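Raw entry26.txt, compact mmCIF, C-alpha atoms:
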```txt
# COMPACT_ATOMS: atom_id res chain seq x y z
CA MET A 17 110.50 146.65 108.71
CA ARG A 18 110.84 143.78 111.12
CA VAL A 19 108.54 140.83 111.86
CA ARG A 20 107.19 142.37 115.05
CA ASP A 21 106.14 145.53 113.19
CA LEU A 22 103.69 143.54 111.03
CA GLN A 23 101.10 143.21 113.77
CA GLU A 24 100.58 146.93 114.13
CA VAL A 25 100.89 148.12 110.53
CA LEU A 26 98.61 145.42 109.11
CA GLU A 27 96.35 145.20 112.19
CA LEU A 28 96.94 141.49 112.71
CA GLU A 29 96.14 139.03 115.44
CA LEU A 30 99.34 137.56 116.84
CA ILE A 31 98.95 133.80 117.14
CA GLN A 32 102.51 132.58 117.73
CA SER A 33 104.74 135.08 119.49
CA GLU A 34 108.00 133.18 120.02
CA PHE A 35 109.82 134.15 116.83
CA GLU A 36 113.07 135.54 115.57
CA ASP A 37 112.49 139.21 114.93
CA THR A 38 114.35 139.50 111.64
CA GLU A 39 114.20 142.12 108.90
CA ILE A 40 111.50 141.40 106.32
CA GLN A 41 112.99 140.99 102.84
CA GLY A 42 109.81 140.55 100.84
CA GLY A 43 106.55 138.67 100.59
CA TYR A 44 105.01 135.71 98.83
CA THR A 45 101.35 134.80 98.44
CA GLY A 46 100.27 131.25 97.68
CA ASP A 47 98.55 128.11 98.86
CA LEU A 48 100.39 125.46 96.91
CA LEU A 49 103.26 124.29 99.06
CA SER A 50 105.42 123.22 96.14
CA ASP A 51 104.93 126.61 94.55
CA ILE A 52 105.89 128.36 97.78
CA MET A 53 108.88 126.08 98.06
CA ALA A 54 109.97 126.90 94.51
CA HIS A 55 109.40 130.64 94.45
CA ALA A 56 109.29 132.21 97.90
CA THR A 57 112.60 133.74 98.87
CA LYS A 58 114.40 133.69 102.20
CA GLY A 59 113.22 136.33 104.65
CA SER A 60 109.81 136.73 102.96
CA VAL A 61 106.47 136.87 104.73
CA LEU A 62 104.14 134.12 103.55
CA ILE A 63 100.52 135.12 102.98
CA THR A 64 98.39 131.98 102.77
CA ILE A 65 95.21 130.22 103.82
CA GLN A 66 97.02 126.92 104.43
CA ALA A 67 96.67 126.80 108.21
CA HIS A 68 98.37 123.52 109.08
CA LYS A 69 101.74 122.36 110.22
CA ASN A 70 103.03 121.31 106.80
CA THR A 71 103.07 125.02 105.94
CA VAL A 72 105.44 125.53 108.85
CA ALA A 73 107.69 122.78 107.49
CA VAL A 74 107.89 124.54 104.12
CA ALA A 75 108.40 127.95 105.75
CA SER A 76 111.23 126.54 107.81
CA LEU A 77 112.96 124.99 104.79
CA VAL A 78 112.67 128.18 102.73
CA GLY A 79 113.60 130.49 105.60
CA ILE A 80 110.29 132.29 105.99
CA PRO A 81 110.19 134.16 109.32
CA ALA A 82 106.44 134.87 109.43
CA ILE A 83 103.24 133.21 108.21
CA LEU A 84 100.26 135.46 107.69
CA LEU A 85 96.94 133.60 107.60
CA ALA A 86 94.17 135.33 105.67
CA ASN A 87 90.38 135.02 105.87
CA SER A 88 90.42 134.33 109.65
CA ARG A 89 91.42 130.72 109.06
CA PRO A 90 91.21 128.56 112.20
CA VAL A 91 94.70 127.59 113.39
CA PRO A 92 95.29 124.08 114.72
CA GLU A 93 97.32 123.83 117.92
CA ASP A 94 99.94 121.54 116.35
CA MET A 95 100.68 124.23 113.77
CA VAL A 96 101.31 126.78 116.54
CA GLU A 97 103.47 124.24 118.34
CA ALA A 98 105.52 123.51 115.21
CA ALA A 99 106.00 127.22 114.53
CA ARG A 100 107.11 127.83 118.11
CA LYS A 101 109.76 125.15 117.71
CA GLU A 102 110.93 126.71 114.45
CA LYS A 103 110.75 130.27 115.84
CA ILE A 104 108.39 131.32 113.03
CA ALA A 105 105.73 133.95 113.76
CA ILE A 106 102.08 133.29 112.92
CA PHE A 107 99.68 136.19 112.39
CA ARG A 108 96.04 136.11 111.37
CA SER A 109 93.76 138.58 109.65
CA ASN A 110 90.12 138.68 108.56
CA GLU A 111 91.17 140.26 105.28
CA THR A 112 91.72 138.42 102.02
CA GLN A 113 95.07 137.41 100.58
CA PHE A 114 94.61 140.05 97.86
CA THR A 115 94.13 142.89 100.34
CA LEU A 116 96.93 141.75 102.63
CA SER A 117 99.32 141.31 99.72
CA GLY A 118 98.50 144.78 98.43
CA LYS A 119 99.06 146.39 101.80
CA LEU A 120 102.31 144.54 102.43
CA TYR A 121 103.58 145.33 98.95
CA THR A 122 102.91 149.04 99.46
CA LEU A 123 104.59 149.01 102.84
CA LEU A 124 107.68 147.19 101.63
CA SER A 125 107.98 149.45 98.58
CA SER A 126 107.93 152.58 100.71
CA PHE A 127 110.75 151.43 102.96
CA MET B 15 103.06 70.89 105.84
CA SER B 16 106.09 73.09 105.31
CA THR B 17 108.52 73.61 108.14
CA ILE B 18 109.05 76.87 109.94
CA PRO B 19 111.97 78.40 108.07
CA ILE B 20 113.68 80.19 110.94
CA ASN B 21 114.82 77.11 112.76
CA THR B 22 117.96 76.46 110.76
CA GLN B 23 121.62 77.18 110.98
CA GLU B 24 121.25 79.57 108.02
CA SER B 25 119.05 81.92 110.03
CA PRO B 26 120.51 85.21 111.21
CA PRO B 27 122.47 84.82 114.45
CA PHE B 28 120.06 87.22 116.14
CA LEU B 29 117.08 84.93 115.47
CA LEU B 30 118.94 81.82 116.54
CA ASP B 31 120.07 83.58 119.67
CA LEU B 32 116.49 84.66 120.28
CA ILE B 33 114.86 81.24 119.97
CA TYR B 34 117.43 79.75 122.34
CA ARG B 35 117.33 82.68 124.77
CA LEU B 36 113.54 82.74 125.13
CA LYS B 37 112.12 79.95 127.29
CA VAL B 38 108.86 78.18 126.60
CA LYS B 39 107.52 79.70 129.82
CA ASP B 40 108.23 83.24 128.52
CA VAL B 41 106.05 82.63 125.50
CA MET B 42 103.27 80.22 126.57
CA THR B 43 99.74 81.17 127.57
CA LYS B 44 99.58 80.70 131.32
CA GLU B 45 95.82 80.84 131.76
CA VAL B 46 94.97 77.35 130.57
CA ILE B 47 91.33 76.48 130.04
CA THR B 48 90.85 72.83 131.01
CA ALA B 49 88.04 70.31 131.25
CA ARG B 50 87.47 67.13 133.27
CA LYS B 51 87.38 63.52 132.07
CA GLU B 52 83.62 63.42 132.54
CA THR B 53 83.01 66.66 130.59
CA PRO B 54 80.86 65.95 127.51
CA LEU B 55 82.54 66.68 124.19
CA ARG B 56 79.60 68.94 123.34
CA LYS B 57 80.51 71.13 126.34
CA ILE B 58 84.15 71.22 125.19
CA GLN B 59 82.99 72.24 121.73
CA HIS B 60 81.15 75.17 123.33
CA ILE B 61 84.19 76.13 125.42
CA MET B 62 86.32 76.20 122.27
CA LYS B 63 83.85 78.42 120.47
CA GLU B 64 83.39 80.77 123.40
CA LYS B 65 87.11 81.13 124.20
CA GLY B 66 88.33 80.99 120.62
CA ILE B 67 90.71 78.11 121.32
CA THR B 68 91.45 74.93 119.40
CA GLY B 69 92.53 72.53 122.15
CA VAL B 70 91.41 71.80 125.72
CA PRO B 71 93.60 69.76 128.10
CA ILE B 72 91.74 67.22 130.23
CA THR B 73 93.00 67.45 133.81
CA ASP B 74 92.18 66.75 137.44
CA GLU B 75 90.09 69.20 139.46
CA GLU B 76 93.09 71.47 140.24
CA GLY B 77 93.99 71.63 136.57
CA LYS B 78 97.49 70.31 137.38
CA ARG B 79 97.61 66.70 136.36
CA ILE B 80 97.00 66.22 132.67
CA PHE B 81 95.39 63.06 131.27
CA GLY B 82 94.85 63.99 127.69
CA ILE B 83 93.78 66.71 125.32
CA VAL B 84 90.71 67.28 123.17
CA SER B 85 91.46 69.15 119.98
CA MET B 86 89.27 70.63 117.30
CA ASP B 87 90.05 67.54 115.21
CA ASP B 88 88.68 65.29 117.97
CA ILE B 89 85.51 67.40 118.06
CA ILE B 90 85.06 67.18 114.29
CA ARG B 91 85.50 63.41 114.46
CA ALA B 92 82.95 63.25 117.30
CA LEU B 93 80.41 65.23 115.30
CA ASP B 94 81.07 63.02 112.32
CA GLY B 95 80.87 59.81 114.34
CA GLY B 96 77.79 60.89 116.29
CA TYR B 97 79.33 60.68 119.78
CA ILE B 98 79.56 64.39 120.56
CA GLU B 99 77.37 63.96 123.70
CA GLU B 100 79.80 61.45 125.21
CA SER B 101 82.43 62.34 127.80
CA ALA B 102 85.99 63.38 127.04
CA GLU B 103 87.58 60.39 128.78
CA ARG B 104 86.86 57.92 126.03
CA TRP B 105 87.77 60.05 123.06
CA MET B 106 90.51 62.44 124.16
CA SER B 107 93.99 62.09 122.69
CA ARG B 108 96.09 60.31 125.28
CA ASN B 109 99.20 60.19 123.21
CA LEU B 110 100.41 63.47 124.63
CA ILE B 111 103.38 65.42 123.45
CA VAL B 112 104.31 67.96 126.06
CA LEU B 113 107.00 70.57 126.51
CA GLU B 114 108.78 71.58 129.67
CA ASP B 115 108.60 75.18 130.75
CA ASP B 116 112.37 75.54 131.02
CA MET B 117 113.05 74.40 127.48
CA PRO B 118 114.22 77.00 124.98
CA LEU B 119 111.61 78.26 122.52
CA GLN B 120 113.52 76.47 119.78
CA PHE B 121 112.10 73.17 121.13
CA ALA B 122 108.55 74.42 120.67
CA ILE B 123 109.28 75.52 117.11
CA SER B 124 110.91 72.21 116.33
CA TYR B 125 107.96 70.28 117.87
CA LEU B 126 105.54 72.24 115.71
CA ASP B 127 107.62 71.11 112.74
CA LYS B 128 107.91 67.49 113.83
CA PHE B 129 104.37 66.80 115.03
CA LYS B 130 101.11 67.67 113.43
CA TYR B 131 99.66 69.27 116.56
CA GLY B 132 98.84 72.94 116.70
CA ARG B 133 99.44 73.26 120.44
CA PHE B 134 101.48 71.66 123.17
CA PRO B 135 100.69 71.51 126.88
CA VAL B 136 103.58 72.80 128.99
CA LEU B 137 104.56 71.07 132.23
CA ASN B 138 106.92 72.16 134.98
CA LYS B 139 109.59 69.89 136.41
CA ASP B 140 107.01 68.41 138.83
CA ARG B 141 104.96 67.34 135.77
CA GLU B 142 102.23 69.85 136.60
CA LEU B 143 100.38 71.65 133.78
CA VAL B 144 101.53 75.30 133.84
CA GLY B 145 100.63 76.51 130.36
CA ILE B 146 99.88 75.83 126.74
CA ILE B 147 101.82 77.01 123.71
CA THR B 148 100.49 77.52 120.17
CA SER B 149 102.07 78.79 116.99
CA ARG B 150 100.17 82.04 117.63
CA ASP B 151 101.97 82.51 120.97
CA ILE B 152 105.28 81.94 119.22
CA ILE B 153 104.49 84.36 116.40
CA ILE B 154 103.51 87.09 118.86
CA ALA B 155 106.60 86.60 121.03
CA LEU B 156 108.93 86.61 118.02
CA LEU B 157 107.29 89.69 116.52
CA VAL B 158 107.61 91.58 119.79
CA GLU B 159 111.28 90.67 120.13
CA VAL B 160 112.11 91.30 116.48
CA ASN B 161 110.35 94.66 116.63
CA LYS B 162 112.46 95.66 119.62
CA GLU B 163 115.60 94.71 117.73
CA VAL B 164 114.53 96.50 114.53
CA GLU B 165 113.77 99.61 116.55
CA LYS B 166 117.28 99.53 117.98
CA LEU B 167 118.78 99.09 114.51
CA GLU B 168 116.70 101.91 113.03
CA GLN B 169 117.84 104.27 115.73
CA GLN B 170 121.42 103.41 114.91
CA ILE B 171 120.76 103.98 111.21
CA VAL B 172 118.95 107.27 111.63
CA GLN B 173 121.53 108.67 114.00
CA PRO B 174 124.90 107.67 112.66
CA PRO B 175 127.88 109.55 114.02
CA SER B 176 128.57 112.54 111.82
CA LYS B 177 131.77 114.52 112.12
CA PRO B 178 132.62 117.74 110.30
CA GLY B 179 134.57 117.11 107.12
CA GLU B 180 133.52 113.49 106.94
CA GLU B 181 130.86 111.88 104.83
CA ALA B 182 127.47 111.56 106.47
CA TRP B 183 124.31 109.72 105.70
CA LEU B 184 120.76 109.69 106.98
CA LEU B 185 117.91 107.27 106.39
CA TYR B 186 114.26 107.96 107.11
CA ASN B 187 111.21 105.74 106.94
CA ILE B 188 108.31 107.57 105.37
CA ARG B 189 104.74 106.37 105.74
CA LYS B 190 101.86 106.88 103.35
CA TYR B 191 99.58 109.79 104.31
CA ASP B 192 101.59 110.52 107.46
CA PHE B 193 101.14 114.28 107.29
CA GLU B 194 101.89 114.46 111.02
CA ASN B 195 105.56 113.67 110.52
CA ALA B 196 105.86 114.96 106.97
CA GLY B 197 108.81 117.31 106.60
CA LYS B 198 110.82 115.84 109.46
CA ALA B 199 113.25 114.08 107.14
CA SER B 200 113.92 117.25 105.14
CA ALA B 201 114.28 119.24 108.35
CA GLY B 202 116.82 116.73 109.63
CA ILE B 203 118.77 116.93 106.37
CA LYS B 204 118.74 120.73 106.46
CA LYS B 205 119.93 120.76 110.06
CA LEU B 206 122.91 118.56 109.22
CA LEU B 207 123.82 120.77 106.24
CA ILE B 208 123.63 123.95 108.33
CA GLU B 209 126.07 122.38 110.78
CA ARG B 210 128.38 121.73 107.82
CA ASN B 211 128.17 125.35 106.61
CA ILE B 212 126.84 124.54 103.15
CA ASP B 213 126.36 127.73 101.15
CA PRO B 214 122.78 129.08 101.33
CA LYS B 215 121.90 128.72 97.64
CA THR B 216 122.95 125.09 97.47
CA LEU B 217 121.29 124.47 100.82
CA ARG B 218 118.02 125.75 99.44
CA ARG B 219 118.23 123.54 96.36
CA ILE B 220 118.94 120.50 98.52
CA SER B 221 116.08 121.40 100.86
CA ILE B 222 113.65 121.67 97.95
CA ALA B 223 114.72 118.34 96.47
CA ALA B 224 114.53 116.63 99.86
CA TYR B 225 111.13 118.06 100.73
CA GLU B 226 109.57 117.31 97.35
CA LEU B 227 110.82 113.74 97.38
CA GLU B 228 109.71 113.29 100.98
CA MET B 229 106.23 114.65 100.23
CA ASN B 230 105.97 112.46 97.14
CA LEU B 231 106.49 109.45 99.37
CA VAL B 232 103.82 110.69 101.79
CA VAL B 233 101.28 111.69 99.16
CA HIS B 234 101.73 109.18 96.35
CA SER B 235 103.62 106.09 97.51
CA ASP B 236 102.65 103.14 99.64
CA GLY B 237 105.51 104.15 101.93
CA GLY B 238 109.25 103.91 101.57
CA THR B 239 112.56 105.40 102.59
CA LEU B 240 114.33 108.66 102.00
CA SER B 241 118.07 108.33 102.13
CA PHE B 242 120.56 111.13 102.15
CA ARG B 243 124.30 111.01 101.63
CA LEU B 244 126.64 113.91 102.06
CA GLY B 245 129.84 113.30 100.14
CA GLN B 246 132.93 115.46 99.68
CA ASP B 247 131.67 117.20 96.56
CA ARG B 248 128.03 116.17 96.30
CA VAL B 249 124.80 115.39 98.02
CA GLU B 250 122.74 112.39 96.98
CA ILE B 251 119.11 111.96 97.90
CA GLU B 252 117.21 108.82 97.06
CA ALA B 253 113.50 108.17 97.53
CA ARG B 254 112.68 104.50 97.32
CA ASP B 255 109.12 103.28 97.71
CA ARG B 256 107.16 100.05 97.79
CA GLY B 257 104.70 101.04 95.10
CA PRO B 258 102.41 101.57 93.37
CA GLY B 259 104.73 102.73 90.57
CA ILE B 260 104.34 105.56 88.07
CA PRO B 261 102.46 104.52 84.91
CA ASP B 262 103.94 107.32 82.78
CA VAL B 263 107.14 108.89 84.06
CA GLU B 264 107.27 111.49 81.28
CA LYS B 265 103.81 112.65 82.24
CA ALA B 266 104.69 112.77 85.95
CA LEU B 267 107.55 115.12 85.14
CA GLU B 268 105.23 117.57 83.38
CA GLU B 269 104.51 120.60 85.48
CA GLY B 270 100.86 120.70 86.54
CA PHE B 271 100.18 117.02 86.01
CA SER B 272 98.97 115.47 89.25
CA THR B 273 97.12 112.37 90.36
CA ALA B 274 96.48 113.68 93.90
CA ASN B 275 92.96 113.53 95.24
CA GLU B 276 90.85 116.45 96.47
CA TRP B 277 91.67 116.31 100.16
CA ILE B 278 95.39 116.14 99.45
CA ARG B 279 95.05 119.19 97.19
CA SER B 280 93.15 121.02 99.91
CA LEU B 281 96.25 120.66 102.09
CA GLY B 282 98.27 122.47 99.44
CA PHE B 283 99.88 119.38 97.94
CA GLY B 284 99.32 117.72 94.60
CA ALA B 285 99.92 120.79 92.47
CA GLY B 286 101.87 118.72 89.99
CA MET B 287 105.08 120.52 90.85
CA GLY B 288 106.84 118.02 93.07
CA LEU B 289 108.93 116.06 90.61
CA PRO B 290 109.50 119.05 88.28
CA ASN B 291 110.72 121.10 91.26
CA ALA B 292 113.03 118.35 92.42
CA LYS B 293 114.40 117.92 88.91
CA ARG B 294 114.92 121.63 88.40
CA VAL B 295 117.11 122.02 91.48
CA SER B 296 119.13 118.87 90.83
CA ASP B 297 122.37 118.49 88.89
CA GLU B 298 121.61 114.83 88.22
CA PHE B 299 118.14 113.36 88.31
CA SER B 300 116.74 109.94 87.48
CA ILE B 301 113.55 107.95 87.99
CA GLU B 302 113.10 104.21 87.76
CA SER B 303 109.58 102.96 88.18
CA ARG B 304 107.90 99.62 87.82
CA MET B 305 104.17 99.22 88.23
CA GLY B 306 103.30 97.09 91.22
CA GLU B 307 106.88 97.19 92.47
CA GLY B 308 107.79 100.75 93.21
CA THR B 309 109.74 103.80 92.25
CA ILE B 310 113.27 104.99 92.92
CA VAL B 311 114.00 108.67 92.44
CA ARG B 312 117.65 109.72 92.69
CA THR B 313 118.95 113.23 92.73
CA VAL B 314 122.46 114.56 93.00
CA ILE B 315 123.35 118.13 93.82
CA TYR B 316 126.99 119.22 93.49
CA LEU B 317 128.58 121.13 96.32
CA ILE B 318 130.83 124.10 95.81
CA VAL B 319 134.18 122.78 96.89
CA PRO B 320 136.55 125.48 98.13
CA PRO B 321 139.80 125.40 96.13
```
Just give me the structure as structure tokens.
Amino acid sequence: MRVRDLQEVLELELIQSEFEDTEIQGGYTGDLLSDIMAHATKGSVLITIQAHKNTVAVASLVGIPAILLANSRPVPEDMVEAARKEKIAIFRSNETQFTLSGKLYTLLSSF
Amino acid sequence: MSTIPINTQESPPFLLDLIYRLKVKDVMTKEVITARKETPLRKIQHIMKEKGITGVPITDEEGKRIFGIVSMDDIIRALDGGYIEESAERWMSRNLIVLEDDMPLQFAISYLDKFKYGRFPVLNKDRELVGIITSRDIIIALLVEVNKEVEKLEQQIVQPPSKPGEEAWLLYNIRKYDFENAGKASAGIKKLLIERNIDPKTLRRISIAAYELEMNLVVHSDGGTLSFRLGQDRVEIEARDRGPGIPDVEKALEEGFSTANEWIRSLGFGAGMGLPNAKRVSDEFSIESRMGEGTIVRTVIYLIVPP
């Protein structure tokens, strides 16, 4: 599964569309940036409610190709801008982190 | 009164060059507020209060020929002596010390040292009043010039030439609570390492250490610098701040211990994982901290050197 496939299979709103369409290696769910930094692996989708540009900084350092914002969090423009520069996709969903994580886990396991 | 300490031969050449390069006319206030000989001292007192100035030259109608100056001291003496309603002519200071507009700024600094006055009228070569110079004018002019120079130096420091195979170093200034620019230093470090083809696992460890130390400066310090050195077999990152210091370093290294406030936590920081994370990915790690002085965190990560 690739980054662009996420939108359809998880019924997401695409917020930042200028991204590198890489193969998804896994997922990580969390809101503590240090925890994400320490444990998320390269190529993982990040499921979070931290909708601000520091999340993009962490994603970029870890090598996360897509950020998936849960609970319909409002997205500040500077976050979108930062993600565009880093070629990281941003998606948004009205579902919770639990539901999104479950769905993504099932999808990735079946591939 | 102590002398201004920049006006000596021991000062940095840049400063000496600056105070000789700048002319009095580059620094002085050109809009001079003047009064006439017949102006009552009371009126001058009001002018001073209204304009926020401490000295008013007494001139002819055109404001060109100067006869004297009334300073705050003269006003205080007039209030004390009960002649505040009298005109300036009798009580103004006639013993004028003036500067010429073409003189280097150094003269103004030296006059401030030599004479007790807080301001000097500035005349052109035709002896006409063209401005007034105070220590405030000098401070502002010097700050502006020094800032320009520091900016130039910082740019040189932050962007040193870096060639493949050679050592490289980067230095970033990090400000307290500057979440706008937070992460830029770590991103810059990562970019340099990618150019140098550092292996991905080591790159990740370095990125984590750099980011955690950078965010510690943003979240917890009163500001400081993050320096990065890429050597032949190692990377060194040093976070150096101006305070406030860590009261209990052992405690700060415990996972989950955090002193961050609520709004910082709401941004996803302050989980108490910063220093433990940085330590975990480092091959060498040390903290020196003094309360009221600051903290220095050093980490070293070894590079895999191809045989």
Checklist entry - How many Å separate atom CA of A:Ile63 from atom CA of A:Arg18? => result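 Calculated distance between atom CA of A:Ile63 and atom CA of A:Arg18 is 15.7 Å.
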Next on the checklist: Can you tell me which residues surround stretch 52-55 of chain A at a distance of at most 10 Å, considering only C-alpha atoms, apart from same-chain residues fewer than 6 positions away, and format the answer as a ChimeraX atom specification?
Outcome noted: /A:44-46,62,64,71,74-75,77-79 /B:218-219,221-223,225-226,282,287-288,291-292,294-295
Next on the checklist: Based on all atoms listed in the file, which of the residues in chain A come within 6 Å of chain B? I want them as a ChimeraX atom specification.
Outcome noted: /A:47-50,73
Item to check | For atom CA of A:Val91 and atom CA of A:His68, the interatomic separation in Å (one decimal) | outcome: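 Atom CA of A:Val91 sits 7.0 Å away from atom CA of A:His68.
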Next on the checklist: Show me, as a ChimeraX atom specification, the residues that have an atom within 10 Å of A:Arg20 when counting only C-alpha atoms, minus same-chain residues fewer than 3 positions from it.
Outcome noted: /A:17,23-25,30,33,35-40,82,105
Checklist entry - Pick the closest to A:Gln113 from A:Val61, A:Leu84, A:Val19, A:Ala67: which is it, counting all atoms listed in the file? => result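 Distance minimum relative to A:Gln113 lands on A:Leu84.
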